[in-house]
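**Student:** You'll find data-v5.json just under this line, and it carries JSON, C-alpha atoms.
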[["chain", "number", "residue", "atom", "x", "y", "z"],
["O", 1, "MET", "CA", -25.89, -48.15, 42.46],
["O", 2, "ASN", "CA", -25.35, -45.29, 44.87],
["O", 3, "ARG", "CA", -26.97, -41.99, 43.69],
["O", 4, "SER", "CA", -23.75, -40.09, 44.42],
["O", 5, "LEU", "CA", -21.80, -42.47, 42.22],
["O", 6, "VAL", "CA", -24.38, -42.14, 39.41],
["O", 7, "ALA", "CA", -24.18, -38.35, 39.65],
["O", 8, "LEU", "CA", -20.37, -38.50, 39.55],
["O", 9, "PHE", "CA", -20.46, -40.66, 36.39],
["O", 10, "ALA", "CA", -22.95, -38.26, 34.79],
["O", 11, "ILE", "CA", -20.72, -35.27, 35.57],
["O", 12, "ALA", "CA", -17.64, -37.11, 34.27],
["O", 13, "ALA", "CA", -19.44, -38.15, 31.08],
["O", 14, "GLY", "CA", -20.63, -34.58, 30.52],
["O", 15, "SER", "CA", -17.11, -33.23, 31.09],
["O", 16, "PHE", "CA", -15.66, -35.78, 28.67],
["O", 17, "ALA", "CA", -18.24, -34.89, 26.01],
["O", 18, "THR", "CA", -17.46, -31.19, 26.46],
["O", 19, "ALA", "CA", -13.72, -31.86, 26.19],
["O", 20, "VAL", "CA", -14.21, -33.93, 23.04],
["O", 21, "THR", "CA", -16.41, -31.19, 21.52],
["O", 22, "LEU", "CA", -13.83, -28.50, 22.36],
["O", 23, "ALA", "CA", -11.00, -30.61, 20.91],
["O", 24, "ALA", "CA", -13.00, -31.28, 17.74],
["O", 25, "SER", "CA", -13.92, -27.64, 17.33],
["O", 26, "LYS", "CA", -10.26, -26.58, 17.68],
["O", 27, "GLU", "CA", -9.35, -29.10, 14.97],
["O", 28, "ASP", "CA", -12.18, -27.83, 12.76],
["O", 29, "VAL", "CA", -10.89, -24.23, 12.83],
["O", 30, "ALA", "CA", -9.94, -23.01, 9.36],
["O", 31, "ARG", "CA", -6.13, -22.83, 9.09],
["O", 32, "SER", "CA", -4.06, -21.25, 6.35],
["O", 33, "PRO", "CA", -1.92, -23.56, 4.23],
["O", 34, "ILE", "CA", 1.83, -23.43, 4.87],
["O", 35, "TYR", "CA", 1.60, -21.45, 8.14],
["O", 36, "GLY", "CA", -1.44, -22.89, 9.95],
["O", 37, "VAL", "CA", -2.63, -19.39, 10.90],
["O", 38, "THR", "CA", -6.25, -18.98, 12.02],
["O", 39, "ILE", "CA", -8.56, -15.99, 12.34],
["O", 40, "PRO", "CA", -8.15, -14.89, 15.96],
["O", 41, "GLU", "CA", -11.19, -14.85, 18.23],
["O", 42, "GLY", "CA", -12.38, -11.39, 19.20],
["O", 43, "TYR", "CA", -10.21, -9.55, 16.67],
["O", 44, "ARG", "CA", -13.05, -7.14, 15.80],
["O", 45, "HIS", "CA", -12.63, -5.63, 19.27],
["O", 46, "TRP", "CA", -8.92, -4.88, 18.79],
["O", 47, "GLU", "CA", -7.56, -1.36, 18.30],
["O", 48, "MET", "CA", -7.12, 0.11, 14.85],
["O", 49, "ILE", "CA", -3.58, 0.63, 13.63],
["O", 50, "ALA", "CA", -4.44, 2.35, 10.34],
["O", 51, "PRO", "CA", -6.92, 2.49, 7.46],
["O", 52, "ALA", "CA", -5.94, 2.31, 3.80],
["O", 53, "HIS", "CA", -7.48, 2.84, 0.38],
["O", 54, "GLU", "CA", -6.26, 0.46, -2.33],
["O", 55, "THR", "CA", -6.57, 1.80, -5.86],
["O", 56, "PRO", "CA", -7.37, -0.31, -8.95],
["O", 57, "PRO", "CA", -7.25, -3.14, -9.63],
["O", 58, "LEU", "CA", -8.19, -3.91, -5.99],
["O", 59, "ASP", "CA", -10.44, -0.89, -5.31],
["O", 60, "GLU", "CA", -10.69, -1.72, -1.63],
["O", 61, "LEU", "CA", -11.04, -0.02, 1.70],
["O", 62, "ARG", "CA", -8.88, -1.67, 4.33],
["O", 63, "VAL", "CA", -8.27, -1.36, 8.03],
["O", 64, "VAL", "CA", -5.55, -3.06, 10.07],
["O", 65, "LEU", "CA", -6.24, -4.02, 13.68],
["O", 66, "GLY", "CA", -3.72, -5.22, 16.25],
["O", 67, "ASN", "CA", -3.77, -7.21, 19.44],
["O", 68, "ASP", "CA", -2.40, -5.63, 22.63],
["O", 69, "VAL", "CA", 1.16, -6.84, 21.95],
["O", 70, "ALA", "CA", 1.19, -5.29, 18.46],
["O", 71, "ILE", "CA", -0.40, -2.03, 19.61],
["O", 72, "LYS", "CA", 2.20, -1.63, 22.35],
["O", 73, "ALA", "CA", 4.99, -2.27, 19.82],
["O", 74, "TYR", "CA", 3.56, 0.33, 17.43],
["O", 75, "ARG", "CA", 3.19, 2.93, 20.18],
["O", 76, "ASN", "CA", 6.74, 2.34, 21.44],
["O", 77, "GLY", "CA", 8.27, 2.12, 17.96],
["O", 78, "THR", "CA", 9.52, -1.41, 18.72],
["O", 79, "LEU", "CA", 11.12, -3.22, 15.78],
["O", 80, "PRO", "CA", 11.24, -6.05, 15.21],
["O", 81, "PHE", "CA", 7.77, -6.69, 16.52],
["O", 82, "PRO", "CA", 7.80, -8.95, 19.59],
["O", 83, "ASP", "CA", 6.56, -12.52, 19.51],
["O", 84, "GLY", "CA", 2.84, -12.63, 20.15],
["O", 85, "SER", "CA", 2.10, -9.65, 17.90],
["O", 86, "VAL", "CA", -0.94, -10.31, 15.71],
["O", 87, "LEU", "CA", -2.16, -8.05, 12.92],
["O", 88, "VAL", "CA", -5.50, -8.48, 11.15],
["O", 89, "LYS", "CA", -6.36, -6.66, 7.92],
["O", 90, "LEU", "CA", -10.02, -6.39, 6.92],
["O", 91, "ALA", "CA", -10.79, -5.50, 3.32],
["O", 92, "TRP", "CA", -13.96, -4.48, 1.50],
["O", 93, "LYS", "CA", -14.87, -3.29, -1.97],
["O", 94, "HIS", "CA", -15.68, 0.38, -1.69],
["O", 95, "VAL", "CA", -19.02, 1.76, -2.81],
["O", 96, "PRO", "CA", -20.47, 5.29, -2.88],
["O", 97, "SER", "CA", -22.31, 6.28, 0.27],
["O", 98, "LYS", "CA", -26.07, 6.52, -0.22],
["O", 99, "GLU", "CA", -26.26, 9.24, 2.42],
["O", 100, "PHE", "CA", -23.26, 11.39, 1.48],
["O", 101, "ALA", "CA", -22.32, 11.47, -2.23],
["O", 102, "PRO", "CA", -18.62, 12.45, -1.91],
["O", 103, "ALA", "CA", -17.91, 9.53, 0.47],
["O", 104, "TYR", "CA", -17.11, 5.88, -0.12],
["O", 105, "VAL", "CA", -18.07, 3.23, 2.40],
["O", 106, "PRO", "CA", -17.38, -0.49, 2.77],
["O", 107, "GLY", "CA", -19.30, -2.71, 0.40],
["O", 108, "ALA", "CA", -18.82, -6.46, 0.05],
["O", 109, "ALA", "CA", -16.11, -7.95, 2.25],
["O", 110, "THR", "CA", -13.21, -9.40, 0.26],
["O", 111, "THR", "CA", -10.64, -10.82, 2.69],
["O", 112, "VAL", "CA", -9.42, -11.08, 6.23],
["O", 113, "GLN", "CA", -5.63, -11.28, 6.32],
["O", 114, "VAL", "CA", -3.67, -12.25, 9.42],
["O", 115, "MET", "CA", -0.01, -11.99, 10.40],
["O", 116, "VAL", "CA", 1.22, -13.76, 13.54],
["O", 117, "LYS", "CA", 4.70, -13.11, 14.98],
["O", 118, "ASP", "CA", 6.45, -16.18, 16.39],
["O", 119, "SER", "CA", 10.18, -16.03, 15.69],
["O", 120, "LYS", "CA", 10.74, -19.73, 16.45],
["O", 121, "LYS", "CA", 7.70, -21.27, 14.77],
["O", 122, "TYR", "CA", 8.05, -19.06, 11.67],
["O", 123, "ALA", "CA", 11.85, -18.70, 11.59],
["O", 124, "ALA", "CA", 11.94, -19.60, 7.89],
["O", 125, "SER", "CA", 9.54, -16.75, 7.03],
["O", 126, "GLY", "CA", 11.11, -13.86, 8.90],
["O", 127, "GLY", "CA", 9.30, -14.73, 12.12],
["O", 128, "TRP", "CA", 5.83, -14.20, 10.65],
["O", 129, "GLY", "CA", 3.04, -16.64, 9.82],
["O", 130, "PHE", "CA", 0.50, -15.51, 7.21],
["O", 131, "GLY", "CA", -3.17, -16.25, 6.65],
["O", 132, "ARG", "CA", -5.55, -14.97, 4.00],
["O", 133, "PHE", "CA", -9.22, -15.86, 4.37],
["O", 134, "ILE", "CA", -12.19, -15.41, 2.05],
["O", 135, "ASP", "CA", -15.61, -15.91, 3.63],
["O", 136, "GLY", "CA", -13.87, -17.45, 6.65],
["O", 137, "LYS", "CA", -12.04, -20.07, 4.59],
["O", 138, "PRO", "CA", -8.32, -20.03, 3.80],
["O", 139, "ALA", "CA", -7.38, -18.82, 0.34],
["O", 140, "ASP", "CA", -5.60, -21.32, -1.87],
["O", 141, "LEU", "CA", -1.99, -22.43, -1.52],
["O", 142, "ALA", "CA", -0.77, -20.20, -4.37],
["O", 143, "GLN", "CA", -1.98, -17.05, -2.60],
["O", 144, "HIS", "CA", -0.20, -18.08, 0.59],
["O", 145, "GLN", "CA", 2.98, -18.85, -1.31],
["O", 146, "SER", "CA", 3.09, -15.24, -2.48],
["O", 147, "CYS", "CA", 2.83, -13.60, 0.98],
["O", 148, "LEU", "CA", 6.42, -13.84, 2.14],
["O", 149, "ALA", "CA", 8.00, -12.86, -1.20],
["O", 150, "CYS", "CA", 5.87, -9.73, -1.46],
["O", 151, "HIS", "CA", 6.60, -8.64, 2.11],
["O", 152, "GLN", "CA", 10.33, -9.37, 1.72],
["O", 153, "ALA", "CA", 10.52, -7.39, -1.51],
["O", 154, "LYS", "CA", 8.75, -4.30, -0.20],
["O", 155, "VAL", "CA", 9.10, -3.93, 3.59],
["O", 156, "VAL", "CA", 12.29, -5.61, 4.72],
["O", 157, "ASN", "CA", 13.27, -2.57, 6.83],
["O", 158, "HIS", "CA", 9.99, -2.58, 8.80],
["O", 159, "ASP", "CA", 9.99, -6.23, 9.98],
["O", 160, "LEU", "CA", 8.00, -7.28, 6.89],
["O", 161, "VAL", "CA", 5.00, -5.15, 7.96],
["O", 162, "PHE", "CA", 3.49, -2.69, 5.49],
["O", 163, "THR", "CA", 1.19, -0.82, 7.84],
["O", 164, "ARG", "CA", 2.42, 2.19, 9.78],
["O", 165, "TYR", "CA", 0.62, 3.50, 12.84],
["O", 166, "ALA", "CA", -1.89, 6.22, 11.87],
["O", 167, "PRO", "CA", -1.35, 9.50, 13.70]]
As structure tokens, how would this structure be written, given the file I've shared?
**Tutor:**
Amino acid sequence: MNRSLVALFAIAAGSFATAVTLAASKEDVARSPIYGVTIPEGYRHWEMIAPAHETPPLDELRVVLGNDVAIKAYRNGTLPFPDGSVLVKLAWKHVPSKEFAPAYVPGAATTVQVMVKDSKKYAASGGWGFGRFIDGKPADLAQHQSCLACHQAKVVNHDLVFTRYAP
């Protein structure tokens, strides 16, 4: 067989294997029940929208990050948020700082929570898809069933989003 043809088959086989691996890895991504939301790649490099301190029983420190679409909407005061907005909330138990006694710092991570705005895909849930992840795995169905009701009950006049932009 011609060496060029052998090389072409080798390249094609390698490309096919790569494509199959990429397809499998996309299928293997942890998705939230109900909404199919995933933890977005690179979210730790997004801008901060605001921090929060949750009192008991949660006792957590939290920070909400946003992708470029969400940040632009916050800065411009755009409501409802445009499609493509993604918010990620990181939460940790808070612990006393070893270096500075009056301060609390993040301890053990508790959850990563994600909201994705897609008014067509999530029309039945106010345009938002929800995901709550513990150690990178989606929380159970019951926790996801509570997301929409809580947001509807408490933040209907802010497009179902609790977090306000920190000054």
**Student:** Can you work out the spacing between CA of Arg62 in chain O and CA of Pro80 in chain O in Å, to one decimal?
**Tutor:**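 These atoms are spaced 23.3 Å apart.
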**Student:** What does the distance between CA of Ser32 in chain O and CA of Gly131 in chain O come to in Å, to one decimal place?
**Tutor:**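 The value is 5.1 Å.
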**Student:** Counting only C-alpha atoms, figure out which residue out of O:Val116, O:Ala109, O:Ala52, O:Val29 gets nearest to Pro82 in chain O.
**Tutor:** O:Val116
**Student:** Rank nothing, just name the residue among O:Arg44, O:Arg31, O:His94, O:His158 nearest to Leu58 in chain O, using only C-alpha atoms.
**Tutor:** O:His94
**Student:** Smallest atom-to-atom distance to Phe81 in chain O: which of O:Ser119, O:Ser97, O:Ser146, O:Thr111, using all atoms listed in the file?
**Tutor:** O:Ser119
